[in-house]
Every structure is written in structure tokens, then in C-alpha cells.
>>> print(open('protein_13.cif').read())   # mmCIF, C-alpha atoms
data_final
loop_
_atom_site.label_atom_id
_atom_site.label_comp_id
_atom_site.auth_asym_id
_atom_site.auth_seq_id
_atom_site.Cartn_x
_atom_site.Cartn_y
_atom_site.Cartn_z
CA MET I 7 -73.26 144.96 -105.04
CA VAL I 8 -74.56 143.77 -101.65
CA LYS I 9 -72.03 141.47 -99.99
CA GLU I 10 -73.37 137.92 -99.76
CA PHE I 11 -70.25 135.82 -99.15
CA PHE I 12 -66.70 136.06 -97.85
CA THR I 13 -63.79 136.21 -100.28
CA ILE I 14 -60.10 135.46 -99.81
CA ASP I 15 -59.61 139.15 -98.96
CA ASP I 16 -61.62 138.73 -95.73
CA PHE I 17 -59.31 136.19 -94.08
CA HIS I 18 -55.81 136.44 -92.61
CA LEU I 19 -54.17 133.51 -94.35
CA GLU I 20 -50.55 133.29 -93.21
CA GLY I 21 -49.95 130.01 -91.42
CA LYS I 22 -53.54 128.91 -91.93
CA THR I 23 -54.55 125.65 -93.62
CA CYS I 24 -56.96 126.26 -96.48
CA LEU I 25 -59.01 123.54 -98.16
CA VAL I 26 -59.74 124.51 -101.78
CA ARG I 27 -62.56 122.76 -103.63
CA ALA I 28 -61.56 123.22 -107.26
CA ASP I 29 -62.95 121.70 -110.45
CA LEU I 30 -59.99 120.07 -112.17
CA ASN I 31 -62.11 117.69 -114.27
CA CYS I 32 -60.28 117.50 -117.60
CA PRO I 33 -60.87 116.06 -121.08
CA TYR I 34 -59.34 112.61 -121.51
CA ASP I 35 -57.36 111.52 -124.57
CA GLU I 36 -58.13 107.81 -125.03
CA LYS I 37 -55.40 107.32 -127.63
CA LEU I 38 -52.69 108.73 -125.40
CA GLY I 39 -54.23 107.39 -122.21
CA ARG I 40 -53.93 110.66 -120.34
CA ILE I 41 -55.84 113.79 -119.42
CA GLU I 42 -55.47 117.01 -121.39
CA ASP I 43 -54.67 120.40 -119.92
CA SER I 44 -57.64 122.73 -119.55
CA GLU I 45 -58.68 126.32 -118.90
CA ARG I 46 -60.08 125.18 -115.57
CA ILE I 47 -56.72 124.04 -114.23
CA ALA I 48 -55.14 127.31 -115.35
CA ALA I 49 -57.89 129.34 -113.68
CA HIS I 50 -57.85 127.45 -110.36
CA ALA I 51 -54.05 127.67 -110.34
CA GLY I 52 -54.51 131.43 -109.90
CA THR I 53 -56.48 130.98 -106.68
CA ILE I 54 -54.09 128.33 -105.36
CA LEU I 55 -51.00 130.40 -106.15
CA GLU I 56 -52.44 133.47 -104.42
CA LEU I 57 -53.09 131.44 -101.27
CA ALA I 58 -49.59 129.97 -101.36
CA GLN I 59 -48.02 133.41 -101.87
CA LYS I 60 -49.95 134.64 -98.83
CA LYS I 61 -48.19 131.86 -96.90
CA ALA I 62 -51.22 129.65 -96.41
CA LYS I 63 -50.93 125.87 -96.33
CA VAL I 64 -52.98 124.79 -99.31
CA VAL I 65 -54.93 121.53 -99.58
CA VAL I 66 -56.76 120.98 -102.88
CA ILE I 67 -59.63 118.56 -103.48
CA ALA I 68 -61.34 117.87 -106.81
CA HIS I 69 -62.86 115.11 -108.94
CA GLN I 70 -62.20 113.49 -112.32
CA GLY I 71 -64.85 111.60 -114.28
CA ARG I 72 -67.63 109.38 -113.00
CA LYS I 73 -67.57 105.84 -111.65
CA GLY I 74 -67.57 103.37 -114.53
CA ASP I 75 -66.26 105.86 -117.12
CA ILE I 76 -62.86 105.53 -118.81
CA ASP I 77 -61.75 108.92 -117.43
CA PHE I 78 -62.50 107.96 -113.80
CA LEU I 79 -58.92 108.39 -112.66
CA PRO I 80 -56.73 109.31 -109.70
CA LEU I 81 -55.44 112.89 -109.70
CA SER I 82 -51.69 112.32 -110.02
CA GLN I 83 -51.66 113.78 -113.56
CA HIS I 84 -53.59 116.80 -112.33
CA ALA I 85 -50.94 117.46 -109.68
CA ALA I 86 -48.30 117.52 -112.43
CA LEU I 87 -50.35 119.96 -114.52
CA LEU I 88 -50.98 122.18 -111.51
CA SER I 89 -47.25 122.22 -110.80
CA THR I 90 -46.63 123.43 -114.35
CA HIS I 91 -49.17 126.25 -114.08
CA LEU I 92 -48.03 127.29 -110.61
CA LYS I 93 -44.33 126.95 -111.46
CA LYS I 94 -44.25 125.38 -108.04
CA TYR I 95 -44.24 121.75 -106.88
CA VAL I 96 -47.65 120.32 -106.00
CA GLU I 97 -47.45 117.15 -103.95
CA TYR I 98 -49.99 114.41 -104.64
CA CYS I 99 -51.53 112.24 -101.93
CA GLU I 100 -53.45 109.13 -102.98
CA ASP I 101 -55.69 109.42 -99.93
CA LEU I 102 -58.55 111.83 -99.25
CA PHE I 103 -59.44 111.80 -95.55
CA GLY I 104 -57.65 108.79 -94.09
CA SER I 105 -54.53 108.78 -91.89
CA LYS I 106 -52.17 109.37 -94.85
CA ALA I 107 -53.99 112.52 -95.91
CA ILE I 108 -54.31 113.85 -92.34
CA GLU I 109 -50.61 113.28 -91.66
CA LYS I 110 -49.65 114.94 -94.95
CA ILE I 111 -51.75 118.01 -94.14
CA ARG I 112 -50.30 118.34 -90.63
CA LYS I 113 -46.76 118.36 -92.04
CA LEU I 114 -47.39 121.16 -94.57
CA ALA I 115 -45.24 124.26 -94.31
CA ASN I 116 -46.43 127.76 -95.17
CA GLY I 117 -46.81 128.05 -98.95
CA ASP I 118 -46.93 124.28 -99.56
CA VAL I 119 -49.59 122.79 -101.84
CA VAL I 120 -50.94 119.24 -101.77
CA LEU I 121 -53.61 117.70 -104.00
CA LEU I 122 -55.64 114.87 -102.46
CA GLN I 123 -57.30 111.86 -104.09
CA ASN I 124 -60.31 112.03 -106.46
CA THR I 125 -63.31 112.84 -104.24
CA ARG I 126 -65.58 110.60 -106.33
CA PHE I 127 -63.52 107.53 -105.43
CA TYR I 128 -65.47 107.66 -102.15
CA GLU I 129 -69.18 106.83 -102.15
CA GLU I 130 -70.11 109.46 -99.58
CA GLU I 131 -69.18 112.17 -102.11
CA THR I 132 -72.07 111.29 -104.42
CA VAL I 133 -74.63 109.91 -101.97
CA LYS I 134 -77.86 111.94 -101.90
CA PHE I 135 -79.24 113.19 -98.59
CA SER I 136 -82.75 114.57 -98.17
CA ASP I 137 -81.50 116.90 -95.43
CA ILE I 138 -78.76 119.25 -96.69
CA SER I 139 -77.18 119.39 -93.23
CA ASP I 140 -76.27 115.69 -93.48
CA TYR I 141 -73.49 116.48 -95.97
CA GLY I 142 -71.58 118.14 -93.16
CA LYS I 143 -71.84 114.97 -91.09
CA THR I 144 -70.01 112.71 -93.56
CA GLU I 145 -66.72 111.17 -92.47
CA MET I 146 -64.91 113.08 -95.23
CA VAL I 147 -66.05 116.43 -93.90
CA LYS I 148 -65.65 115.59 -90.23
CA SER I 149 -62.12 114.15 -90.65
CA LEU I 150 -60.68 116.89 -92.85
CA SER I 151 -62.32 119.72 -90.90
CA LYS I 152 -60.20 118.82 -87.86
CA VAL I 153 -57.02 119.90 -89.67
CA ILE I 154 -58.42 122.76 -91.80
CA ASP I 155 -58.86 126.42 -90.83
CA TYR I 156 -60.71 127.79 -93.87
CA PHE I 157 -62.74 126.30 -96.70
CA ILE I 158 -62.25 128.02 -100.07
CA SER I 159 -65.04 127.17 -102.52
CA ASP I 160 -63.62 127.79 -105.99
CA GLY I 161 -65.55 125.40 -108.24
CA PHE I 162 -68.58 127.27 -109.57
CA SER I 163 -68.90 124.60 -112.26
CA VAL I 164 -69.81 122.06 -109.55
CA ALA I 165 -71.84 124.47 -107.40
CA HIS I 166 -75.13 123.10 -108.78
CA ARG I 167 -74.36 119.71 -107.21
CA ALA I 168 -75.30 118.90 -103.62
CA GLN I 169 -72.24 116.83 -102.72
CA ALA I 170 -70.16 116.53 -99.58
CA SER I 171 -67.06 118.29 -100.95
CA VAL I 172 -69.19 121.11 -102.38
CA VAL I 173 -71.54 121.95 -99.49
CA GLY I 174 -70.42 119.97 -96.44
CA PHE I 175 -67.35 121.94 -95.35
CA ALA I 176 -69.12 125.31 -95.49
CA GLN I 177 -71.52 124.02 -92.83
CA ILE I 178 -68.65 123.65 -90.37
CA LEU I 179 -65.72 125.87 -91.37
CA PRO I 180 -65.32 129.60 -92.03
CA SER I 181 -65.78 129.67 -95.81
CA ALA I 182 -64.98 132.00 -98.69
CA ALA I 183 -65.33 132.12 -102.45
CA GLY I 184 -62.06 131.57 -104.30
CA ARG I 185 -61.17 133.87 -107.19
CA VAL I 186 -62.79 131.63 -109.84
CA MET I 187 -66.04 131.39 -107.88
CA GLN I 188 -65.98 135.12 -107.12
CA LYS I 189 -65.43 136.07 -110.76
CA GLU I 190 -68.17 133.72 -111.97
CA LEU I 191 -70.76 135.03 -109.50
CA GLU I 192 -69.94 138.67 -110.18
CA GLY I 193 -70.01 138.15 -113.97
CA LEU I 194 -73.30 136.26 -113.95
CA LYS I 195 -74.97 138.69 -111.58
CA ASN I 196 -73.92 141.50 -113.90
CA ALA I 197 -75.45 139.64 -116.85
CA LEU I 198 -78.77 139.29 -115.02
CA ASP I 199 -78.93 142.70 -113.35
CA ASN I 200 -77.78 144.73 -116.35
CA ALA I 201 -79.47 142.88 -119.20
CA ASN I 202 -80.24 145.52 -121.82
CA HIS I 203 -82.57 144.83 -124.74
CA PRO I 204 -82.58 143.17 -127.16
CA ASN I 205 -81.42 140.32 -124.94
CA ILE I 206 -80.80 137.05 -126.82
CA TYR I 207 -79.82 133.49 -125.95
CA ILE I 208 -77.95 131.36 -128.49
CA LEU I 209 -78.48 127.73 -127.53
CA GLY I 210 -76.80 124.85 -129.34
CA GLY I 211 -74.49 121.94 -128.68
CA ALA I 212 -75.06 118.20 -128.69
CA LYS I 213 -76.82 117.92 -125.30
CA PRO I 214 -80.32 119.39 -125.59
CA ASP I 215 -81.31 118.12 -122.14
CA ASP I 216 -79.02 120.79 -120.68
CA VAL I 217 -80.78 123.69 -122.37
CA VAL I 218 -84.43 122.74 -122.87
CA GLY I 219 -85.19 123.92 -119.33
CA LEU I 220 -83.47 127.22 -120.03
CA LEU I 221 -85.38 127.63 -123.31
CA LYS I 222 -88.68 127.11 -121.49
CA PHE I 223 -87.69 129.58 -118.77
CA ALA I 224 -86.53 132.17 -121.33
CA CYS I 225 -89.75 131.86 -123.31
CA LYS I 226 -91.76 132.88 -120.25
CA SER I 227 -89.30 135.57 -119.15
CA ASN I 228 -89.81 139.18 -120.17
CA SER I 229 -86.06 139.74 -119.91
CA VAL I 230 -85.21 137.52 -122.92
CA ASP I 231 -86.29 138.69 -126.37
CA LYS I 232 -85.12 135.92 -128.72
CA ILE I 233 -83.72 132.39 -128.46
CA LEU I 234 -81.57 131.31 -131.40
CA THR I 235 -81.62 127.51 -131.57
CA SER I 236 -79.05 125.33 -133.31
CA GLY I 237 -77.27 122.00 -132.82
CA VAL I 238 -79.50 119.13 -131.69
CA LEU I 239 -81.84 121.59 -129.97
CA GLY I 240 -82.43 123.34 -133.31
CA GLU I 241 -83.19 120.00 -134.97
CA LEU I 242 -85.62 119.08 -132.21
CA CYS I 243 -87.41 122.42 -132.51
CA ILE I 244 -87.77 121.89 -136.27
CA ALA I 245 -89.16 118.39 -135.71
CA ALA I 246 -91.46 119.70 -132.94
CA SER I 247 -92.85 122.25 -135.40
CA GLY I 248 -94.06 119.40 -137.62
CA ILE I 249 -91.32 119.31 -140.26
CA ASP I 250 -90.16 115.78 -141.14
CA LEU I 251 -86.38 115.41 -140.91
CA GLY I 252 -86.58 111.75 -141.89
CA SER I 253 -86.55 108.29 -140.38
CA GLU I 254 -82.81 108.33 -139.61
CA LYS I 255 -83.16 111.47 -137.54
CA LYS I 256 -86.12 109.95 -135.68
CA LYS I 257 -83.98 106.90 -134.86
CA TYR I 258 -81.20 109.19 -133.63
CA PHE I 259 -83.62 111.05 -131.34
CA GLU I 260 -85.00 107.78 -129.99
CA LYS I 261 -81.57 106.22 -129.46
CA ASN I 262 -80.46 109.17 -127.31
CA GLY I 263 -83.79 109.65 -125.54
CA PHE I 264 -84.33 113.05 -127.18
CA ASP I 265 -87.73 112.04 -128.57
CA LYS I 266 -89.11 112.56 -125.06
CA LEU I 267 -88.40 116.28 -125.44
CA LEU I 268 -90.45 116.69 -128.60
CA MET I 269 -93.86 116.93 -126.95
CA GLU I 270 -92.89 119.70 -124.52
CA LEU I 271 -90.92 121.53 -127.22
CA SER I 272 -93.89 121.43 -129.60
CA GLU I 273 -95.94 123.38 -127.06
CA TYR I 274 -93.32 126.12 -126.81
CA VAL I 275 -92.54 126.26 -130.52
CA SER I 276 -96.23 126.86 -131.30
CA LYS I 277 -96.81 129.27 -128.40
CA TYR I 278 -93.67 131.42 -128.84
CA PRO I 279 -92.99 131.54 -132.61
CA GLN I 280 -91.67 135.13 -132.44
CA LYS I 281 -89.26 134.28 -129.63
CA ILE I 282 -87.84 130.93 -130.72
CA VAL I 283 -85.68 131.39 -133.83
CA MET I 284 -85.27 128.03 -135.55
CA PRO I 285 -82.81 127.09 -138.31
CA LYS I 286 -83.94 127.78 -141.87
CA ASP I 287 -81.48 125.32 -143.43
CA PHE I 288 -78.93 122.66 -142.54
CA ALA I 289 -75.61 121.43 -143.91
CA PHE I 290 -74.71 117.78 -144.54
CA GLU I 291 -71.87 115.89 -146.23
CA GLU I 292 -72.07 114.64 -149.80
CA ASN I 293 -68.98 113.18 -151.53
CA ASN I 294 -66.66 114.80 -148.98
CA ALA I 295 -68.21 118.23 -149.63
CA ARG I 296 -70.53 120.49 -147.65
CA MET I 297 -74.07 120.58 -149.02
CA GLU I 298 -76.86 122.84 -147.77
CA VAL I 299 -80.61 122.36 -147.98
CA ASP I 300 -83.72 124.11 -146.62
CA CYS I 301 -85.33 122.40 -143.65
CA LEU I 302 -88.53 121.75 -145.60
CA ASP I 303 -86.61 119.79 -148.23
CA TYR I 304 -84.13 118.07 -145.91
CA GLU I 305 -85.53 114.54 -146.03
CA LYS I 306 -86.05 114.66 -149.79
CA ILE I 307 -82.55 115.91 -150.64
CA ALA I 308 -80.32 114.74 -147.78
CA LYS I 309 -82.10 111.36 -147.71
CA GLY I 310 -81.54 110.64 -144.07
CA LYS I 311 -77.95 111.82 -143.84
CA PRO I 312 -77.06 113.54 -140.53
CA CYS I 313 -76.85 117.33 -140.49
CA PHE I 314 -73.69 118.76 -138.96
CA ASP I 315 -74.22 122.52 -139.15
CA VAL I 316 -76.80 125.17 -139.90
CA GLY I 317 -76.83 126.54 -143.45
CA GLY I 318 -76.02 129.95 -144.90
CA LYS I 319 -79.55 131.39 -144.59
CA THR I 320 -79.64 130.54 -140.90
CA ILE I 321 -76.16 131.93 -140.30
CA SER I 322 -77.00 135.24 -142.01
CA ASN I 323 -80.21 135.54 -139.98
CA PHE I 324 -78.35 134.81 -136.74
CA GLU I 325 -75.65 137.38 -137.59
CA LYS I 326 -78.27 140.08 -138.18
CA ILE I 327 -80.00 139.40 -134.85
CA ILE I 328 -76.69 139.23 -132.94
CA LEU I 329 -75.38 142.54 -134.29
CA GLN I 330 -78.59 144.28 -133.22
CA SER I 331 -78.50 142.87 -129.69
CA LYS I 332 -77.36 144.50 -126.45
CA THR I 333 -77.10 141.40 -124.24
CA ILE I 334 -75.96 138.00 -125.56
CA TYR I 335 -75.64 134.60 -123.92
CA PHE I 336 -73.91 131.95 -126.03
CA LYS I 337 -74.06 128.27 -125.12
CA GLY I 338 -73.06 126.50 -128.28
CA PRO I 339 -71.56 125.45 -130.49
CA VAL I 340 -73.79 125.86 -133.54
CA GLY I 341 -72.52 122.75 -135.36
CA VAL I 342 -69.70 120.21 -135.50
CA TYR I 343 -67.08 122.98 -135.60
CA GLU I 344 -64.20 120.51 -135.17
CA ASN I 345 -64.73 119.46 -138.80
CA PRO I 346 -63.56 122.15 -141.28
CA LEU I 347 -66.57 121.35 -143.50
CA PHE I 348 -68.95 122.31 -140.72
CA GLU I 349 -67.20 125.09 -138.84
CA GLU I 350 -68.83 127.97 -140.71
CA GLY I 351 -71.88 128.33 -138.47
CA THR I 352 -69.97 128.44 -135.20
CA ARG I 353 -67.16 130.60 -136.61
CA ARG I 354 -69.43 133.26 -138.09
CA VAL I 355 -71.73 133.37 -135.08
CA LEU I 356 -68.75 133.82 -132.73
CA LYS I 357 -67.29 136.51 -134.98
CA ALA I 358 -70.62 138.36 -134.94
CA ILE I 359 -70.68 138.14 -131.12
CA GLU I 360 -67.13 139.52 -131.03
CA LEU I 361 -68.21 142.50 -133.14
CA ALA I 362 -71.51 143.19 -131.37
CA ASP I 363 -71.81 146.23 -129.10
CA ALA I 364 -73.32 144.26 -126.23
CA PHE I 365 -72.75 142.59 -122.87
CA LYS I 366 -71.61 139.08 -123.84
CA LEU I 367 -71.69 135.97 -121.70
CA MET I 368 -70.36 132.56 -122.76
CA GLY I 369 -70.32 129.25 -120.95
CA GLY I 370 -69.39 125.60 -121.44
CA GLY I 371 -66.20 123.78 -122.37
CA HIS I 372 -66.99 123.36 -126.08
CA SER I 373 -67.78 127.06 -126.38
CA LEU I 374 -64.36 127.89 -124.95
CA SER I 375 -62.65 125.48 -127.34
CA ALA I 376 -64.40 127.11 -130.30
CA VAL I 377 -63.38 130.58 -129.11
CA GLU I 378 -59.77 129.39 -129.05
CA LYS I 379 -59.97 127.67 -132.44
CA PHE I 380 -61.35 130.69 -134.29
CA GLY I 381 -59.11 133.25 -132.59
CA ILE I 382 -61.94 135.22 -131.02
CA ASP I 383 -60.65 138.19 -129.01
CA LYS I 384 -61.48 137.24 -125.42
CA THR I 385 -61.16 140.86 -124.31
CA LYS I 386 -64.29 141.56 -126.39
CA ILE I 387 -66.29 139.02 -124.34
CA SER I 388 -67.66 140.45 -121.10
CA HIS I 389 -67.58 137.19 -119.15
CA ILE I 390 -66.41 133.73 -120.21
CA SER I 391 -67.66 131.13 -117.75
CA LEU I 392 -65.80 127.89 -117.09
CA ALA I 393 -69.09 126.25 -116.20
CA GLY I 394 -71.86 124.71 -118.26
CA GLY I 395 -74.72 123.22 -116.27
CA ALA I 396 -74.26 125.58 -113.33
CA VAL I 397 -74.67 128.62 -115.60
CA VAL I 398 -77.81 127.16 -117.17
CA GLU I 399 -79.36 126.64 -113.73
CA TYR I 400 -78.23 130.03 -112.41
CA LEU I 401 -79.80 131.85 -115.37
CA GLN I 402 -83.10 130.12 -114.58
CA GLY I 403 -83.00 131.61 -111.10
CA LYS I 404 -82.37 128.25 -109.45
CA LYS I 405 -80.50 128.20 -106.17
CA LEU I 406 -77.16 126.42 -106.48
CA PRO I 407 -76.31 124.35 -103.37
CA GLY I 408 -72.63 125.36 -103.42
CA VAL I 409 -73.46 129.06 -103.64
CA GLU I 410 -76.17 128.86 -100.99
CA ALA I 411 -73.70 127.13 -98.65
CA LEU I 412 -71.32 130.09 -99.03
CA LYS I 413 -74.10 132.58 -98.33
CA GLU I 414 -75.19 130.69 -95.21
CA ALA I 415 -71.59 130.53 -93.96
CA TYR I 416 -71.33 134.31 -94.44
CA ILE I 417 -74.49 134.97 -92.41
CA ARG I 418 -73.29 132.58 -89.69
CA ASP I 419 -69.79 134.05 -89.37
CA MET I 420 -70.47 137.68 -90.29
CA GLY I 421 -68.63 140.00 -87.92
CA LYS I 422 -66.02 137.40 -86.92
CA PHE I 423 -63.49 138.45 -89.58
#
>>> encode(input="protein_13.cif", output="C-alpha cells")
Amino acid sequence: MVKEFFTIDDFHLEGKTCLVRADLNCPYDEKLGRIEDSERIAAHAGTILELAQKKAKVVVIAHQGRKGDIDFLPLSQHAALLSTHLKKYVEYCEDLFGSKAIEKIRKLANGDVVLLQNTRFYEEETVKFSDISDYGKTEMVKSLSKVIDYFISDGFSVAHRAQASVVGFAQILPSAAGRVMQKELEGLKNALDNANHPNIYILGGAKPDDVVGLLKFACKSNSVDKILTSGVLGELCIAASGIDLGSEKKKYFEKNGFDKLLMELSEYVSKYPQKIVMPKDFAFEENNARMEVDCLDYEKIAKGKPCFDVGGKTISNFEKIILQSKTIYFKGPVGVYENPLFEEGTRRVLKAIELADAFKLMGGGHSLSAVEKFGIDKTKISHISLAGGAVVEYLQGKKLPGVEALKEAYIRDMGKF
């Protein structure tokens, strides 16, 4: 593979101060009032520990939640979780680029780790600039860059966002991909460059906005043979094909703004009927039991009740296609797998992927949770991405600002290290 960016291996790290942009954004438990541990923290801990063991002074920056949301929190809990994963104390500083943070960084000893305040607590993190170079001129970037030797970009899952902490530092500092970023880019490049046929995409989940663009791209691409649709996307495709799923479903689409997707989906459903594989049946709840019904009869039998999974005919069809495939991308889940009544679709699809003789790529937090729940052998999955939206954009051939910043830093500093 042609070298496009520096990695940790390219820099002499002992005694150097490294700023690591990680993605520590975690699920939040409202009942307990605290964040939950996640695969992301465990993965980034690997990069951070390696830097510390190489006697670097490690400064970590990350975000949690969005302004106005209940999980928009300081990162003190994240520091505690990082300490657990590292088996090493991680100090927390409730400042990001002010005098407290600068003083804390200057006092670090070799091997020390400090986590700074939530980057999104500061407006300049999320402000949009028309000129990409302006991100490197923000006070956050200018202040921290004075006490940092190397920028380590480790958050592939935020690489699709043009934000100061993602792209700004690479414009000023020698910059490298951390181990998480490196693994993600190598795994995804492998999926694109070595996609054998049949190559299928399995698209589901509760957020169709995330995957409609990918469906449209895949329909036009000669590299993708079939797109298996489920979740809300599957329901929208069924509705776009002209099948009436009932007034309640229409209200649900309208309430969430999904009805706006129907017109563009109808064009693709009619134009690519051999490529887009839609559900044949759905499952709903009746008297605390799972009931299944063909799509054509859904409104008549389910009488407006929400569907929570695909039915047995759909699952069997998906299994057959999966087992015949040589490249598989799964962005699910297929249904509401958290409910035992409606886990069958996701469980059987994942089991088929596990058994398939193919290159297998998975992405998205809910996909990872389902893999854990159903005991899928991770060693049988070629690459499990910690990212969701970034993977979707990457597979469409879109340039990710965080990745492009690393590439530009490599071209700028090539030959210096």
C-alpha cells in the first residue's frame, strides 16, 4: 500500500508531548446518570498506552454529546474509565486551552497522561469555516500547539467532521495516525481495493438518513451487486415501491422527517429492482407474542401496529444471499434486536455473516452491540469499524476532512522524519 500518512512508528516519541484526538463519546445511562464504558475507550486506550510506554507526554482531547443534549458532559468520568483500561492514572483537567490546561501540560513527566475538557464546550470547535485553513487559526489550535510536539489523529469516527480539533492541529504540527485511525484506514482500503463478487451491502438500523446516500451510490456502482434493506430503510423502500403499510406508519415517517426520502427512494427502487433486496415480510407484537405477516398484507393484518423485525421469509432470503457472497458490508441492525421477541432477524443475519467465506466489514455502535449480544466470533470478521457515519461517507468515495488533513501533513513534512 502506498504510504499516504505518518504513523506513530515514524516519530521519536521519548520526551515529546503528543496531543491525541480520540473519540471517547460514550452511551449515557439516564437512570444511573452516568456514561457507560465502550469499545471506543478500550480501543483508544491502546494508542494512548503505547505512547506512554514510549515515554511520551500524552495529552488527550475528545468530545461527549452535543450542546443541549442530556449527555453533553465534562470528561471526568471518561478519565476514570481510561485509567481503568490503561491500568494507569489519567489526570483530568477541566480546561481545554486556557492557562490551567497549558500549565498542566508543561508539568507533565514522560509517560504521564492527561485528559482535557470536552472540546464541544467551546464554540470554536463546532463553528463552520468556508476556508479549511481557518480551523488552524482558532485560539484552541494556536494555544495548544505552542506546548505540543506531535498531533496524533486517532478518531476515525469523527474524521468526516471539519472541526478545529479534527483538522486544525494537522495544519500546524507534525501529525500521524494513531493505531485506531491506522487500523480503520487500512481495513476500509482493503474492503474497497479487494472487493470480490458477489459484493453485498446489508443496510438497516433506525436512522435511514445515514444510509440512503450510500444506497444511491451503491446502486450506481458496478462494485456492489446487491443491497439488502431492513430496519426503517427497508420499510421506506417497501412504501416507496407503492405498498401501503398503513396510516400509522405514514405518521411515523412524517414525524421523523423520513417521508422526504420516499420520493428519491421510489426512483431507485423502480430503477434497480434486481439490486435492491426489500423485505418480504415483517414481524410485529400481538398479545406479547411475535407475529409475522407478508408486506402486502401488513396493513390488513397488523392494523397499524409498528413492525420491529423482518419476518422468516426475509431472513431466509438474506441468509441465502449472504452465504453466497464474497464481500459483505453490514450496517445494521436488522430489527429491534434488544427485544428477545425481535432479535431473530439480526441474530440469524449475523450468524450467516460469521459463517460466510467472504471479506466482512462491519460498522456502527449498534452493530457492535449486536455482535457482542449474540456471541459472534470477532475473529471471523475481517474488519470491525468503531465508526458509523465516517464509514458510510468513506465507502461513497467522499473525502473525509480528518483523513485529508493527515495526508496533507504527510506531504508537507515528508523527509523530515
>>> closest_residue(input="protein_13.cif", among="I:Ala364, I:Cys243, I:Cys313, I:Val164", to="I:His203", atoms="only C-alpha atoms")
I:Ala364
>>> atom_distance(input="protein_13.cif", atom1="atom CA of I:Met146", atom2="atom CA of I:Ile158")
15.9 Å
>>> resolve_selection(input="protein_13.cif", expression="the PyMOL selection byres ((chain I and resi 56-73) around 6)", output="PyMOL selection string")
chain I and resi 19-31+53-55+74-75+77-78+116-122+124-126
>>> atom_distance(input="protein_13.cif", atom1="atom CA of I:Phe336", atom2="atom CA of I:Met368")
4.9 Å
>>> closest_residue(input="protein_13.cif", among="I:Leu79, I:Met187, I:Cys32, I:Asp137", to="I:Gly408", atoms="all atoms listed in the file")
I:Met187
>>> closest_residue(input="protein_13.cif", among="I:Ala176, I:Ile47, I:Ala85, I:Leu150", to="I:Lys413", atoms="all atoms listed in the file")
I:Ala176
>>> resolve_selection(input="protein_13.cif", expression="the PyMOL selection byres ((chain I and resi 153) around 12)", output="VMD selection string")
chain I and resid 22 to 25 63 to 65 103 to 105 107 to 114 146 to 152 154 to 157 175 179
>>> resolve_selection(input="protein_13.cif", expression="the PyMOL selection byres ((chain I and resi 238) around 8)", output="VMD selection string")
chain I and resid 210 to 214 236 to 237 239 to 242
>>> atom_distance(input="protein_13.cif", atom1="atom CA of I:Val172", atom2="atom CA of I:Thr144")
12.2 Å
>>> residues_around(input="protein_13.cif", residues="I:Lys384", least_positions_apart="6", cutoff="10 Å", atoms="all atoms listed in the file", output="PDB file with C-alpha atoms, keeping the file's coordinate frame")
ATOM      1  CA  GLU I 360     -67.130 139.520-131.030  1.00  0.00           C
ATOM      2  CA  LEU I 374     -64.360 127.890-124.950  1.00  0.00           C
ATOM      3  CA  VAL I 377     -63.380 130.580-129.110  1.00  0.00           C
ATOM      4  CA  GLU I 378     -59.770 129.390-129.050  1.00  0.00           C
ATOM      5  CA  ILE I 390     -66.410 133.730-120.210  1.00  0.00           C
TER       6      ILE I 390
END
>>> closest_residue(input="protein_13.cif", among="I:Asp43, I:Val173, I:Asn196, I:Asn202", to="I:Asp363", atoms="only C-alpha atoms")
I:Asn202
>>> residues_around(input="protein_13.cif", residues="I:Ala183", least_positions_apart="4", cutoff="8 Å", atoms="only C-alpha atoms", output="JSON, numbers by chain")
{"I": [11, 12, 13, 14, 158, 159, 160, 187, 188, 412]}
>>> closest_residue(input="protein_13.cif", among="I:Ser247, I:Gln330, I:Asn200, I:Gln280", to="I:Ser388", atoms="all atoms listed in the file")
I:Asn200
>>> closest_residue(input="protein_13.cif", among="I:Tyr335, I:Phe288, I:Tyr274, I:Tyr98", to="I:Phe223", atoms="only C-alpha atoms")
I:Tyr274
>>> residues_around(input="protein_13.cif", residues="stretch 301-306 of chain I", least_positions_apart="6", cutoff="9 Å", atoms="all atoms listed in the file", output="PDB file with C-alpha atoms, in the coordinates of the input")
ATOM      1  CA  ILE I 244     -87.770 121.890-136.270  1.00  0.00           C
ATOM      2  CA  ILE I 249     -91.320 119.310-140.260  1.00  0.00           C
ATOM      3  CA  ASP I 250     -90.160 115.780-141.140  1.00  0.00           C
ATOM      4  CA  LEU I 251     -86.380 115.410-140.910  1.00  0.00           C
ATOM      5  CA  GLY I 252     -86.580 111.750-141.890  1.00  0.00           C
ATOM      6  CA  SER I 253     -86.550 108.290-140.380  1.00  0.00           C
ATOM      7  CA  PRO I 285     -82.810 127.090-138.310  1.00  0.00           C
ATOM      8  CA  LYS I 286     -83.940 127.780-141.870  1.00  0.00           C
ATOM      9  CA  ASP I 287     -81.480 125.320-143.430  1.00  0.00           C
ATOM     10  CA  PHE I 288     -78.930 122.660-142.540  1.00  0.00           C
TER      11      PHE I 288
END
>>> residues_around(input="protein_13.cif", residues="I:Ala49", least_positions_apart="5", cutoff="9 Å", atoms="only C-alpha atoms", output="ChimeraX atom specification")
/I:44,185-186,392
>>> write_last_selection(input="protein_13.cif", atoms="C-alpha atoms", output="short mmCIF file (atom, residue, chain, number, x, y, z; two decimals), in the coordinates of the input")
data_model
loop_
_atom_site.label_atom_id
_atom_site.label_comp_id
_atom_site.auth_asym_id
_atom_site.auth_seq_id
_atom_site.Cartn_x
_atom_site.Cartn_y
_atom_site.Cartn_z
CA SER I 44 -57.64 122.73 -119.55
CA ARG I 185 -61.17 133.87 -107.19
CA VAL I 186 -62.79 131.63 -109.84
CA LEU I 392 -65.80 127.89 -117.09
#
>>> residues_around(input="protein_13.cif", residues="I:Leu406", least_positions_apart="4", cutoff="9 Å", atoms="all atoms listed in the file", output="list of chain:residue names")
I:Ala165, I:His166, I:Arg167, I:Ala168, I:Ala396, I:Glu399, I:Tyr400, I:Glu410, I:Ala411
>>> decode(input="protein_13.cif", residues="stretch 395-402 of chain I", atoms="N, CA and C atoms", output="compact mmCIF listing (two decimals), in the first residue's frame")
# COMPACT_ATOMS: atom_id res chain seq x y z
N GLY I 395 -21.00 6.99 10.68
CA GLY I 395 -21.12 7.94 9.58
C GLY I 395 -19.86 8.07 8.75
N ALA I 396 -18.70 8.00 9.38
CA ALA I 396 -17.45 8.14 8.63
C ALA I 396 -17.26 7.00 7.65
N VAL I 397 -17.65 5.79 8.05
CA VAL I 397 -17.55 4.64 7.15
C VAL I 397 -18.48 4.81 5.96
N VAL I 398 -19.71 5.24 6.23
CA VAL I 398 -20.70 5.43 5.17
C VAL I 398 -20.17 6.43 4.13
N GLU I 399 -19.57 7.52 4.60
CA GLU I 399 -19.04 8.52 3.67
C GLU I 399 -17.80 7.99 2.94
N TYR I 400 -16.95 7.29 3.63
CA TYR I 400 -15.73 6.75 3.02
C TYR I 400 -16.07 5.78 1.90
N LEU I 401 -17.07 4.92 2.13
CA LEU I 401 -17.45 3.93 1.12
C LEU I 401 -18.07 4.58 -0.12
N GLN I 402 -18.54 5.82 0.04
CA GLN I 402 -19.07 6.54 -1.12
C GLN I 402 -17.99 7.30 -1.87
